[in-house]
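Below is upload.csv, holding CSV, C-alpha atoms.
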chain,number,residue,atom,x,y,z
A,1,MET,CA,-2.8,-44.5,16.3
A,2,SER,CA,-2.6,-41.6,14.0
A,3,ALA,CA,-1.4,-38.3,15.3
A,4,GLU,CA,-3.9,-35.6,16.0
A,5,PRO,CA,-3.5,-32.2,14.3
A,6,SER,CA,-0.5,-30.5,15.8
A,7,ARG,CA,-2.4,-27.2,15.8
A,8,PHE,CA,-4.3,-28.5,18.9
A,9,ALA,CA,-1.2,-29.4,20.8
A,10,ASP,CA,-0.4,-25.8,21.8
A,11,LEU,CA,-4.0,-25.1,22.8
A,12,PHE,CA,-4.0,-28.3,24.9
A,13,ARG,CA,-0.8,-27.2,26.7
A,14,ASN,CA,-2.0,-23.7,27.2
A,15,PRO,CA,-5.8,-23.8,27.3
A,16,SER,CA,-7.9,-20.7,27.6
A,17,ILE,CA,-11.5,-19.9,26.9
A,18,ASP,CA,-10.6,-17.1,24.5
A,19,ALA,CA,-8.4,-19.4,22.4
A,20,MET,CA,-11.0,-22.1,22.3
A,21,TYR,CA,-13.6,-19.6,21.2
A,22,ALA,CA,-11.3,-18.4,18.4
A,23,LEU,CA,-11.7,-21.9,16.8
A,24,SER,CA,-14.5,-22.5,14.4
A,25,PRO,CA,-17.4,-24.4,15.8
A,26,LYS,CA,-16.3,-27.5,13.8
A,27,ASP,CA,-12.7,-27.1,15.0
A,28,PHE,CA,-14.0,-26.8,18.6
A,29,GLU,CA,-15.6,-30.2,18.2
A,30,HIS,CA,-12.3,-31.6,16.8
A,31,PHE,CA,-10.5,-30.1,19.7
A,32,ILE,CA,-12.9,-31.6,22.3
A,33,ALA,CA,-12.4,-34.9,20.6
A,34,TYR,CA,-8.6,-34.4,20.9
A,35,VAL,CA,-8.9,-33.6,24.6
A,36,LEU,CA,-11.0,-36.6,25.3
A,37,ARG,CA,-8.6,-38.8,23.4
A,38,ARG,CA,-5.8,-37.4,25.6
A,39,ALA,CA,-7.9,-38.4,28.6
A,40,GLY,CA,-7.8,-42.0,27.4
A,41,TYR,CA,-11.2,-42.3,25.6
A,42,MET,CA,-11.8,-43.7,22.2
A,43,VAL,CA,-13.7,-40.9,20.5
A,44,LYS,CA,-15.8,-41.1,17.4
A,45,GLU,CA,-16.8,-37.8,15.7
A,46,VAL,CA,-20.3,-38.6,14.4
A,47,GLY,CA,-21.9,-35.3,13.8
A,48,PRO,CA,-25.5,-34.4,14.4
A,49,HIS,CA,-26.8,-36.0,11.2
A,50,PHE,CA,-26.1,-39.5,12.5
A,51,LEU,CA,-26.7,-38.9,16.2
A,52,ARG,CA,-29.5,-36.4,16.9
A,53,GLY,CA,-28.2,-33.6,19.1
A,54,LEU,CA,-24.7,-35.1,19.7
A,55,ASP,CA,-21.3,-34.5,18.1
A,56,LEU,CA,-19.1,-37.1,19.8
A,57,GLU,CA,-19.3,-40.6,21.1
A,58,MET,CA,-16.9,-41.7,23.8
A,59,ARG,CA,-15.9,-45.3,24.7
A,60,LEU,CA,-13.5,-46.7,27.2
A,61,PRO,CA,-10.6,-48.6,25.6
A,62,GLY,CA,-11.6,-52.2,24.8
A,63,LYS,CA,-15.3,-51.5,25.3
A,64,SER,CA,-17.8,-51.5,22.6
A,65,THR,CA,-20.6,-49.8,24.5
A,66,ILE,CA,-20.9,-46.0,24.5
A,67,PHE,CA,-19.6,-44.4,27.7
A,68,GLY,CA,-20.9,-40.9,26.9
A,69,GLY,CA,-22.2,-38.7,24.2
A,70,VAL,CA,-21.0,-35.1,23.9
A,71,GLU,CA,-22.6,-32.0,22.4
A,72,CYS,CA,-20.1,-29.2,21.8
A,73,LYS,CA,-21.2,-25.6,21.8
A,74,ARG,CA,-18.6,-23.0,20.9
A,75,PHE,CA,-20.4,-19.9,22.1
A,76,ALA,CA,-19.4,-16.3,22.9
A,77,SER,CA,-19.2,-15.6,26.6
A,78,ASN,CA,-22.4,-13.6,26.5
A,79,GLN,CA,-24.4,-16.4,24.8
A,80,LEU,CA,-25.5,-18.9,27.3
A,81,VAL,CA,-26.4,-22.5,26.5
A,82,THR,CA,-30.2,-22.9,27.0
A,83,ALA,CA,-32.6,-25.6,28.2
A,84,PRO,CA,-33.7,-26.8,24.7
A,85,ILE,CA,-30.1,-27.7,23.9
A,86,VAL,CA,-29.8,-29.7,27.1
A,87,ARG,CA,-33.2,-31.3,26.4
A,88,GLY,CA,-32.0,-32.3,22.9
A,89,VAL,CA,-28.9,-34.0,24.4
A,90,ARG,CA,-31.0,-35.9,26.9
A,91,GLY,CA,-33.2,-37.3,24.0
A,92,ALA,CA,-30.2,-38.5,21.9
A,93,PRO,CA,-30.4,-42.2,21.0
A,94,ALA,CA,-26.8,-42.8,21.9
A,95,VAL,CA,-27.3,-41.8,25.5
A,96,ASP,CA,-30.6,-43.6,25.9
A,97,ARG,CA,-28.5,-46.6,26.9
A,98,ARG,CA,-28.5,-47.3,30.6
A,99,ASN,CA,-24.9,-46.4,31.4
A,100,ALA,CA,-24.2,-43.8,28.8
A,101,LYS,CA,-23.6,-40.3,30.2
A,102,PRO,CA,-24.7,-37.2,28.3
A,103,PHE,CA,-22.4,-34.2,28.3
A,104,VAL,CA,-22.7,-30.6,27.0
A,105,ILE,CA,-19.4,-28.8,26.7
A,106,THR,CA,-19.2,-25.1,25.9
A,107,THR,CA,-16.8,-22.3,25.8
A,108,SER,CA,-19.5,-20.2,27.5
A,109,ASP,CA,-21.8,-21.1,30.3
A,110,PHE,CA,-25.3,-22.3,31.0
A,111,ASN,CA,-28.4,-20.4,32.0
A,112,GLU,CA,-30.5,-21.4,35.0
A,113,ALA,CA,-33.1,-23.2,32.9
A,114,ALA,CA,-30.4,-25.3,31.4
A,115,HIS,CA,-29.1,-26.3,34.8
A,116,LYS,CA,-32.6,-27.3,35.9
A,117,MET,CA,-33.2,-29.2,32.7
A,118,ALA,CA,-29.9,-31.1,33.3
A,119,GLN,CA,-31.3,-32.4,36.6
A,120,VAL,CA,-34.7,-33.6,35.3
A,121,GLY,CA,-35.2,-37.4,35.4
A,122,ASN,CA,-33.0,-40.1,36.7
A,123,LYS,CA,-30.0,-39.5,34.5
A,124,PRO,CA,-28.4,-36.1,34.8
A,125,VAL,CA,-26.9,-34.3,31.8
A,126,TYR,CA,-23.3,-33.2,32.8
A,127,LEU,CA,-22.7,-29.5,31.9
A,128,ILE,CA,-19.2,-28.3,31.5
A,129,ASN,CA,-18.6,-24.6,31.0
A,130,GLY,CA,-15.5,-22.9,29.7
A,131,ALA,CA,-13.8,-22.5,33.0
A,132,GLN,CA,-14.5,-26.2,33.9
A,133,LEU,CA,-13.2,-27.3,30.6
A,134,VAL,CA,-9.9,-25.4,31.1
A,135,ARG,CA,-9.7,-27.0,34.5
A,136,TYR,CA,-10.3,-30.5,33.1
A,137,ILE,CA,-7.7,-30.1,30.4
A,138,THR,CA,-5.2,-29.1,33.1
A,139,TYR,CA,-6.1,-32.1,35.0
A,140,ILE,CA,-5.5,-34.4,32.0
A,141,GLN,CA,-2.1,-32.7,31.5
A,142,GLY,CA,-1.1,-33.9,34.9
A,143,SER,CA,-2.5,-37.4,34.4
A,144,ARG,CA,-1.5,-38.4,31.0
A,145,HIS,CA,1.6,-39.0,28.9
A,146,ASP,CA,2.1,-36.0,26.7
A,147,ASP,CA,2.4,-37.8,23.4
A,148,ASP,CA,0.1,-38.8,20.6
A,149,ASP,CA,0.2,-42.5,21.4
A,150,VAL,CA,-1.5,-42.1,24.7
A,151,LEU,CA,-4.0,-44.9,24.2
A,152,THR,CA,-1.3,-47.5,23.4
A,153,SER,CA,0.7,-46.4,26.4
A,154,ILE,CA,-2.1,-47.1,28.9
A,155,SER,CA,-3.2,-50.6,29.8
A,156,PRO,CA,-6.9,-51.2,29.5
A,157,GLU,CA,-6.8,-52.6,33.0
A,158,TYR,CA,-6.2,-49.1,34.1
A,159,PHE,CA,-9.8,-48.3,33.4
A,160,SER,CA,-12.7,-49.6,35.5
A,161,ASP,CA,-16.1,-50.2,34.0
A,162,ASN,CA,-17.4,-46.9,35.4
A,163,GLY,CA,-14.3,-44.9,36.0
A,164,LEU,CA,-12.0,-43.4,33.4
A,165,ALA,CA,-8.6,-42.0,32.9
A,166,GLY,CA,-7.1,-40.4,35.9
A,167,SER,CA,-9.1,-42.3,38.5
A,168,ASP,CA,-7.4,-42.9,41.8
A,169,LYS,CA,-7.4,-46.6,42.0
A,170,GLY,CA,-5.6,-48.0,45.0
A,171,HIS,CA,-6.3,-44.9,47.2
A,172,THR,CA,-6.7,-46.0,50.8
A,173,ALA,CA,-7.1,-43.1,53.1
A,174,LYS,CA,-10.6,-41.5,53.3
A,175,ILE,CA,-10.2,-37.8,52.7
A,176,LEU,CA,-12.7,-35.5,54.4
A,177,THR,CA,-12.8,-31.8,53.8
A,178,VAL,CA,-14.5,-29.4,56.1
A,179,ALA,CA,-15.7,-26.4,54.2
A,180,ASN,CA,-18.0,-23.4,54.6
A,181,ASN,CA,-17.8,-19.9,53.1
A,182,LYS,CA,-18.6,-18.3,56.4
A,183,GLY,CA,-16.1,-17.9,59.2
A,184,GLY,CA,-16.7,-18.7,62.9
A,185,VAL,CA,-19.1,-21.6,62.2
A,186,GLY,CA,-16.9,-24.3,63.8
A,187,LYS,CA,-14.9,-25.7,60.9
A,188,THR,CA,-11.7,-25.9,62.7
A,189,MET,CA,-13.2,-27.3,65.9
A,190,THR,CA,-14.9,-29.9,63.7
A,191,ALA,CA,-11.7,-30.9,62.0
A,192,TYR,CA,-9.8,-31.1,65.2
A,193,TYR,CA,-12.3,-32.9,67.4
A,194,LEU,CA,-13.5,-35.3,64.6
A,195,GLY,CA,-9.8,-36.1,63.9
A,196,ALA,CA,-9.1,-36.6,67.6
A,197,GLU,CA,-12.2,-38.8,68.1
A,198,LEU,CA,-11.3,-41.0,65.1
A,199,ALA,CA,-7.8,-41.3,66.5
A,200,ARG,CA,-9.3,-42.3,69.8
A,201,HIS,CA,-11.1,-45.0,67.9
A,202,GLY,CA,-7.8,-46.4,66.8
A,203,LYS,CA,-7.7,-44.8,63.4
A,204,ARG,CA,-4.5,-43.1,62.0
A,205,VAL,CA,-5.5,-39.5,61.3
A,206,LEU,CA,-3.6,-36.8,59.3
A,207,LEU,CA,-4.9,-33.3,59.6
A,208,ILE,CA,-4.1,-30.7,56.9
A,209,ASP,CA,-4.5,-27.1,57.8
A,210,LEU,CA,-5.2,-25.1,54.7
A,211,ASP,CA,-6.4,-22.0,56.5
A,212,GLY,CA,-3.9,-19.0,56.7
A,213,GLN,CA,-5.4,-18.2,60.1
A,214,ALA,CA,-3.7,-21.4,61.3
A,215,ASN,CA,-6.3,-22.0,64.0
A,216,LEU,CA,-6.1,-25.7,63.6
A,217,THR,CA,-2.4,-25.7,63.9
A,218,GLU,CA,-2.6,-23.6,67.1
A,219,ARG,CA,-5.3,-25.8,68.5
A,220,CYS,CA,-2.9,-28.7,68.1
A,221,PHE,CA,0.0,-26.7,69.6
A,222,PRO,CA,-1.5,-24.2,72.0
A,223,GLU,CA,1.9,-23.1,73.0
A,224,LEU,CA,2.2,-21.3,69.7
A,225,VAL,CA,-0.5,-18.9,70.6
A,226,SER,CA,1.7,-17.1,73.1
A,227,GLN,CA,4.6,-16.8,70.7
A,228,PRO,CA,5.0,-13.8,68.5
A,229,ASN,CA,4.0,-14.5,64.9
A,230,ASP,CA,7.3,-15.2,63.4
A,231,GLY,CA,5.7,-17.2,60.6
A,232,ILE,CA,7.6,-19.9,58.9
A,233,GLU,CA,10.2,-19.9,61.6
A,234,ARG,CA,7.8,-21.8,63.8
A,235,PHE,CA,8.2,-25.0,61.9
A,236,PRO,CA,8.0,-26.2,58.3
A,237,ASN,CA,4.4,-25.8,57.1
A,238,ILE,CA,2.1,-25.9,54.2
A,239,VAL,CA,3.5,-22.6,52.9
A,240,GLN,CA,6.6,-24.4,51.9
A,241,TYR,CA,4.6,-26.9,50.0
A,242,PHE,CA,2.8,-24.2,47.9
A,243,SER,CA,6.2,-22.6,47.4
A,244,ARG,CA,7.3,-25.9,45.9
A,245,MET,CA,10.1,-26.2,48.4
A,246,TRP,CA,8.9,-29.2,50.4
A,247,SER,CA,6.7,-32.2,49.7
A,248,LEU,CA,3.6,-32.8,51.9
A,249,GLN,CA,5.3,-35.9,53.4
A,250,ASP,CA,8.2,-33.7,54.7
A,251,LEU,CA,5.8,-31.4,56.6
A,252,ILE,CA,4.0,-33.9,58.8
A,253,VAL,CA,4.3,-33.2,62.5
A,254,SER,CA,3.1,-35.4,65.4
A,255,THR,CA,0.5,-34.0,67.8
A,256,LYS,CA,0.0,-34.7,71.5
A,257,GLN,CA,-3.0,-36.9,70.4
A,258,GLU,CA,-1.8,-40.4,69.8
A,259,ARG,CA,-2.2,-41.5,66.2
A,260,MET,CA,-2.9,-38.0,65.0
A,261,SER,CA,-0.5,-35.8,63.0
A,262,ILE,CA,-0.8,-32.6,61.2
A,263,ILE,CA,0.6,-30.7,58.3
A,264,PRO,CA,0.5,-27.2,59.9
A,265,SER,CA,-0.3,-23.9,58.4
A,266,ASP,CA,1.0,-20.4,59.0
A,267,PRO,CA,-0.3,-16.8,58.5
A,268,PHE,CA,2.0,-16.5,55.5
A,269,LEU,CA,-0.3,-18.9,53.6
A,270,SER,CA,-2.8,-16.1,53.2
A,271,LEU,CA,-0.2,-14.1,51.2
A,272,ARG,CA,0.0,-16.9,48.6
A,273,ASP,CA,-3.7,-16.7,47.7
A,274,LEU,CA,-3.9,-14.2,45.0
A,275,GLY,CA,-7.7,-14.5,44.7
A,276,GLY,CA,-9.4,-14.5,41.4
A,277,SER,CA,-10.9,-17.5,39.7
A,278,GLY,CA,-9.6,-21.0,39.5
A,279,ARG,CA,-6.0,-22.1,39.7
A,280,PRO,CA,-6.5,-25.7,38.5
A,281,ASP,CA,-2.8,-26.3,38.3
A,282,ILE,CA,-2.4,-25.7,42.0
A,283,GLU,CA,-5.7,-27.3,43.1
A,284,LEU,CA,-5.3,-30.5,41.1
A,285,LYS,CA,-1.7,-31.0,42.0
A,286,PHE,CA,-2.6,-30.6,45.6
A,287,ALA,CA,-5.4,-33.1,45.1
A,288,ARG,CA,-3.1,-35.7,43.5
A,289,ASP,CA,-0.4,-35.2,46.2
A,290,VAL,CA,-2.9,-35.6,49.0
A,291,GLN,CA,-4.3,-38.8,47.4
A,292,ASP,CA,-0.8,-40.1,47.0
A,293,LEU,CA,-0.1,-39.3,50.6
A,294,GLY,CA,-3.1,-41.4,51.6
A,295,MET,CA,-1.3,-44.5,50.2
A,296,GLN,CA,2.1,-43.9,51.8
A,297,PRO,CA,3.3,-45.1,55.2
A,298,ILE,CA,3.8,-42.1,57.5
A,299,ALA,CA,6.4,-42.6,60.2
A,300,ALA,CA,4.7,-40.3,62.7
A,301,LEU,CA,1.5,-42.4,62.4
A,302,GLY,CA,3.0,-45.8,62.2
A,303,GLY,CA,1.5,-46.6,58.9
A,304,SER,CA,-0.7,-45.2,56.1
A,305,PRO,CA,-3.3,-42.8,57.3
A,306,ASP,CA,-6.9,-44.1,57.6
A,307,TRP,CA,-8.3,-40.6,57.5
A,308,ILE,CA,-7.1,-37.3,56.1
A,309,ILE,CA,-9.1,-34.4,57.4
A,310,ILE,CA,-8.6,-31.0,55.7
A,311,ASP,CA,-9.5,-27.7,57.3
A,312,THR,CA,-10.2,-24.8,54.8
A,313,PRO,CA,-10.3,-21.0,55.0
A,314,PRO,CA,-13.7,-19.2,55.3
A,315,ALA,CA,-13.9,-18.3,51.6
A,316,MET,CA,-14.1,-20.1,48.2
A,317,SER,CA,-10.3,-19.5,47.8
A,318,VAL,CA,-7.8,-21.5,45.9
A,319,PHE,CA,-7.1,-23.4,49.1
A,320,THR,CA,-10.8,-24.3,49.7
A,321,ARG,CA,-11.1,-25.5,46.1
A,322,ALA,CA,-7.9,-27.5,46.5
A,323,GLY,CA,-9.3,-29.1,49.7
A,324,LEU,CA,-12.5,-30.0,47.9
A,325,ALA,CA,-10.6,-31.3,44.9
A,326,ALA,CA,-8.7,-33.6,47.2
A,327,ALA,CA,-11.7,-35.0,49.0
A,328,GLY,CA,-13.0,-38.3,48.0
B,1,MET,CA,-20.2,-26.0,44.3
B,2,LEU,CA,-22.1,-29.3,44.3
B,3,THR,CA,-23.0,-29.1,40.6
B,4,THR,CA,-19.3,-28.5,39.8
B,5,LEU,CA,-18.2,-31.4,41.9
B,6,GLN,CA,-20.8,-33.7,40.2
B,7,THR,CA,-19.6,-32.7,36.7
B,8,MET,CA,-15.9,-33.0,37.5
B,9,ASP,CA,-16.6,-36.4,39.1
B,10,ALA,CA,-18.2,-37.6,35.9
B,11,LEU,CA,-15.3,-36.5,33.8
B,12,SER,CA,-12.4,-37.3,36.0
B,13,GLY,CA,-13.6,-40.6,37.5
B,14,ILE,CA,-12.7,-39.3,41.0
B,15,LYS,CA,-15.6,-40.1,43.2
B,16,THR,CA,-16.3,-37.3,45.6
B,17,THR,CA,-19.0,-37.8,48.2
B,18,PHE,CA,-20.9,-35.0,49.8
B,19,MET,CA,-21.2,-36.4,53.3
B,20,GLY,CA,-23.6,-33.9,54.6
B,21,VAL,CA,-24.3,-30.7,56.5
B,22,LEU,CA,-23.2,-30.5,60.1
B,23,VAL,CA,-25.1,-28.2,62.4
B,24,THR,CA,-22.8,-26.4,64.8
B,25,HIS,CA,-23.2,-23.8,67.5
B,26,TRP,CA,-26.5,-25.4,68.3
B,27,ASP,CA,-28.8,-24.2,71.1
B,28,ASN,CA,-32.5,-24.4,71.9
B,29,LEU,CA,-33.2,-20.8,71.0
B,30,LYS,CA,-35.7,-19.9,68.3
B,31,LEU,CA,-33.0,-19.0,65.8
B,32,SER,CA,-31.6,-22.5,65.9
B,33,THR,CA,-34.9,-24.3,65.9
B,34,ASP,CA,-36.1,-22.2,63.0
B,35,PHE,CA,-32.9,-23.0,61.1
B,36,GLU,CA,-33.4,-26.7,61.8
B,37,ASN,CA,-37.1,-26.8,60.9
B,38,ILE,CA,-37.3,-24.3,58.0
B,39,ASP,CA,-34.0,-23.1,56.5
B,40,LEU,CA,-32.0,-26.4,56.6
B,41,PRO,CA,-34.8,-28.6,55.0
B,42,ARG,CA,-35.2,-25.9,52.3
B,43,ALA,CA,-31.5,-25.8,51.6
B,44,LEU,CA,-31.2,-29.6,51.4
B,45,TYR,CA,-34.2,-29.7,49.1
B,46,ASP,CA,-32.6,-27.1,46.8
B,47,PHE,CA,-29.0,-28.4,46.8
B,48,GLY,CA,-29.3,-32.1,47.7
B,49,GLY,CA,-27.5,-34.0,50.4
B,50,SER,CA,-28.5,-34.6,54.0
B,51,ALA,CA,-27.7,-33.4,57.5
B,52,PHE,CA,-25.8,-35.4,60.1
B,53,PRO,CA,-28.1,-36.4,62.9
B,54,SER,CA,-25.5,-35.2,65.4
B,55,LYS,CA,-25.7,-31.5,66.2
B,56,ILE,CA,-22.7,-29.7,67.8
B,57,PRO,CA,-23.9,-27.5,70.7
B,58,PHE,CA,-22.4,-24.1,71.3
B,59,ASP,CA,-19.7,-24.8,73.9
B,60,ASN,CA,-16.7,-22.5,74.1
B,61,ARG,CA,-14.9,-24.9,76.4
B,62,LEU,CA,-14.0,-26.8,73.2
B,63,GLU,CA,-11.4,-24.1,72.5
B,64,THR,CA,-9.2,-25.4,75.3
B,65,LEU,CA,-10.3,-28.8,76.6
B,66,GLU,CA,-8.8,-32.1,75.4
B,67,PRO,CA,-10.8,-34.5,73.3
B,68,GLY,CA,-12.8,-36.9,75.4
B,69,ALA,CA,-13.6,-34.3,78.1
B,70,ASP,CA,-16.9,-34.7,79.9
B,71,VAL,CA,-18.6,-31.7,78.4
B,72,LYS,CA,-21.5,-31.6,76.0
B,73,GLY,CA,-19.5,-30.3,73.0
B,74,ALA,CA,-16.9,-33.0,73.2
B,75,LYS,CA,-19.6,-35.6,73.7
B,76,ALA,CA,-21.3,-34.4,70.5
B,77,TYR,CA,-18.1,-34.8,68.6
B,78,GLU,CA,-17.8,-38.3,69.9
B,79,ALA,CA,-21.2,-39.1,68.5
B,80,LEU,CA,-20.3,-37.4,65.2
B,81,ALA,CA,-17.2,-39.6,64.9
B,82,GLU,CA,-19.4,-42.7,65.4
B,83,GLU,CA,-21.6,-41.5,62.6
B,84,VAL,CA,-18.8,-40.8,60.3
B,85,LEU,CA,-17.3,-44.3,60.9
B,86,GLN,CA,-20.6,-45.9,60.2
B,87,TYR,CA,-21.0,-43.8,57.1
B,88,ALA,CA,-17.5,-44.8,55.8

So, in terms of structure tokens, how does the structure I just supplied come out?
Amino acid sequence: MSAEPSRFADLFRNPSIDAMYALSPKDFEHFIAYVLRRAGYMVKEVGPHFLRGLDLEMRLPGKSTIFGGVECKRFASNQLVTAPIVRGVRGAPAVDRRNAKPFVITTSDFNEAAHKMAQVGNKPVYLINGAQLVRYITYIQGSRHDDDDVLTSISPEYFSDNGLAGSDKGHTAKILTVANNKGGVGKTMTAYYLGAELARHGKRVLLIDLDGQANLTERCFPELVSQPNDGIERFPNIVQYFSRMWSLQDLIVSTKQERMSIIPSDPFLSLRDLGGSGRPDIELKFARDVQDLGMQPIAALGGSPDWIIIDTPPAMSVFTRAGLAAAG
Amino acid sequence: MLTTLQTMDALSGIKTTFMGVLVTHWDNLKLSTDFENIDLPRALYDFGGSAFPSKIPFDNRLETLEPGADVKGAKAYEALAEEVLQYA
């Protein structure tokens, strides 16, 4: 397979909305094709003169049918993609086929009418804004070999008919994330009691406390409540994972409930959430690590977990997004 | 949040399922019944998904009791676990 232009390699490694917007519209299409090839697709740059409304066709390796059609829109941040553009993609012949997915990818964002248009009918149009695109590129970086022969290095068997590069085949544990922006609604009690009831049904359950308030941890270990908050001295916890000091596997602690263990939290976790928008590197690494954990035998549980239940903080923080990314 | 999950699912191949909305702190007062009959259906219509049939009543004994205790809150979570197992 021929090498892609090296000028895209740096942008792929360090993606940003501004840098993608700095490309010409045509180069943005080339870059999206480059990204999708890195993800494992076969991509054909067809142009709108051949395929009304679409710039790219995507196929899975070894498949002749079109998996998806992509319309690329390199727009300024104040220029939103509108409903007529989405409608045009929906009507493109290439995505009329039953299983072909239509995508619109932009450096900007979509207006409300575009979102509504995307949901009209039986087949949604998948809308990917600039921030989601950066997130996706980061995801691919962690999933793919970083070379130009990526397609030849991946067996076609890696792909299912409907899934694509990066899918978590072989994943065994069911991962359930309890989330709500509001505090005090019962997230922690739900995580704890649901976990305990599943354990009482004979399931092996691993709880993960992603809330810096550490209420789930304290619910499992009430004796901690009466102790002064001496943070990470209590026992190894999720803070050490996000500090890249420990693996998740090393942090698992048995609870009094048979067949239920926990990766505890600590108030120091709150200090590691710097706020702001997405941290896809952290979120997606956590998701992959949790999914890997679901396939591993855990000594404290006597086998691989059947359920992983994640408690999240009352905000759309990096830890909530990480928990949602891990759920599946 | 749900739109973002749907889009990322399509691109990444990771299938994330929105299991549903769980009603907690439930009681029979007007605020709860209005939520169940008016606000919740509207939210589900706008954002998709469904609600778990089990509702968790307000029961502050859950803060301290062990799972399996004979109180209404713990019983509700037992029912929820049955639902989740059937769902899975």

Best match for closeness to A:Asp266 among A:Gln291, A:Asn215, A:Ser247, A:Thr106, counting only C-alpha atoms: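 Under the stated criterion, the closest residue is A:Asn215.
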
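Taking atom CA of A:Val239 as the reference point, atom CA of A:Tyr136 is found at 25.4 Å.
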
Each side padded by 3 Å, which centre and which edge lengths in Å (one decimal) define the axis-aligned box around the listed atoms of stretch 78-81 of chain B? Give them as JSON.
{"center_x": -19.2, "center_y": -38.5, "center_z": 67.4, "size_x": 10.0, "size_y": 8.2, "size_z": 11.0}

List the spatial neighbours of B:Tyr77 as JSON, numbers by chain - criterion: any atom at most 12 Å away, only C-alpha atoms, same-chain residues fewer than 6 positions off excluded. {"A": [186, 189, 190, 191, 192, 193, 194, 195, 196, 197, 198, 200], "B": [22, 23, 24, 52, 53, 54, 55, 56, 57, 58, 59, 62, 66, 67, 68, 69, 70, 71, 83, 84]}

Selection near stretch 96-104 of chain A, 6 Å with all atoms listed in the file, sequence-local residues under 6 positions removed, as a PyMOL selection string: chain A and resi 66-72+125-127

Out of A:Arg204, A:Arg37, A:Lys285, A:Lys187, which residue has the shortest atom-to-atom distance to chain B when counting only C-alpha atoms? A:Lys187

In terms of the shortest atom-to-atom distance over all atoms listed in the file, which of A:Asn180, A:Gln240, A:Ser261, A:Thr172 is closest to A:Leu206?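 Answer, going by the shortest atom-to-atom distance: A:Ser261.
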
Protein and nucleic acid residues near (-31.7, -36.4, 50.8) (cut-off 12 Å, only C-alpha atoms) as a PyMOL selection string: chain B and resi 18-21+40-52

Residue nearest chain A - candidates B:Gly73, B:Ala79, B:Thr16, B:Glu63, atoms counted: all atoms listed in the file: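 Answer, going by the shortest atom-to-atom distance: B:Thr16.
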
Report the distance between atom CA of A:Arg87 and atom CA of A:Ser16 in Å, rounded to one decimal place.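 A separation of 27.5 Å between them.
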
Expressed in Å to a single decimal, how great is the separation between atom CA of A:Val134 and atom CA of A:Pro15?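 A separation of 5.8 Å between them.
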
Contacts of A:Phe12 at 9 Å (only C-alpha atoms; same-chain gap of 5+ positions) as a short mmCIF file (atom, residue, chain, number, x, y, z; two decimals) with C-alpha atoms, in the frame of the given file:
data_model
loop_
_atom_site.label_atom_id
_atom_site.label_comp_id
_atom_site.auth_asym_id
_atom_site.auth_seq_id
_atom_site.Cartn_x
_atom_site.Cartn_y
_atom_site.Cartn_z
CA PHE A 31 -10.50 -30.10 19.70
CA TYR A 34 -8.60 -34.40 20.90
CA VAL A 35 -8.90 -33.60 24.60
CA ILE A 137 -7.70 -30.10 30.40
CA THR A 138 -5.20 -29.10 33.10
CA GLN A 141 -2.10 -32.70 31.50
#

Closest to chain A among B:His25, B:Asn60, B:Asn37, B:Ser32, using only C-alpha atoms?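 Looking only at the distances to chain A, the closest residue turns out to be B:His25.
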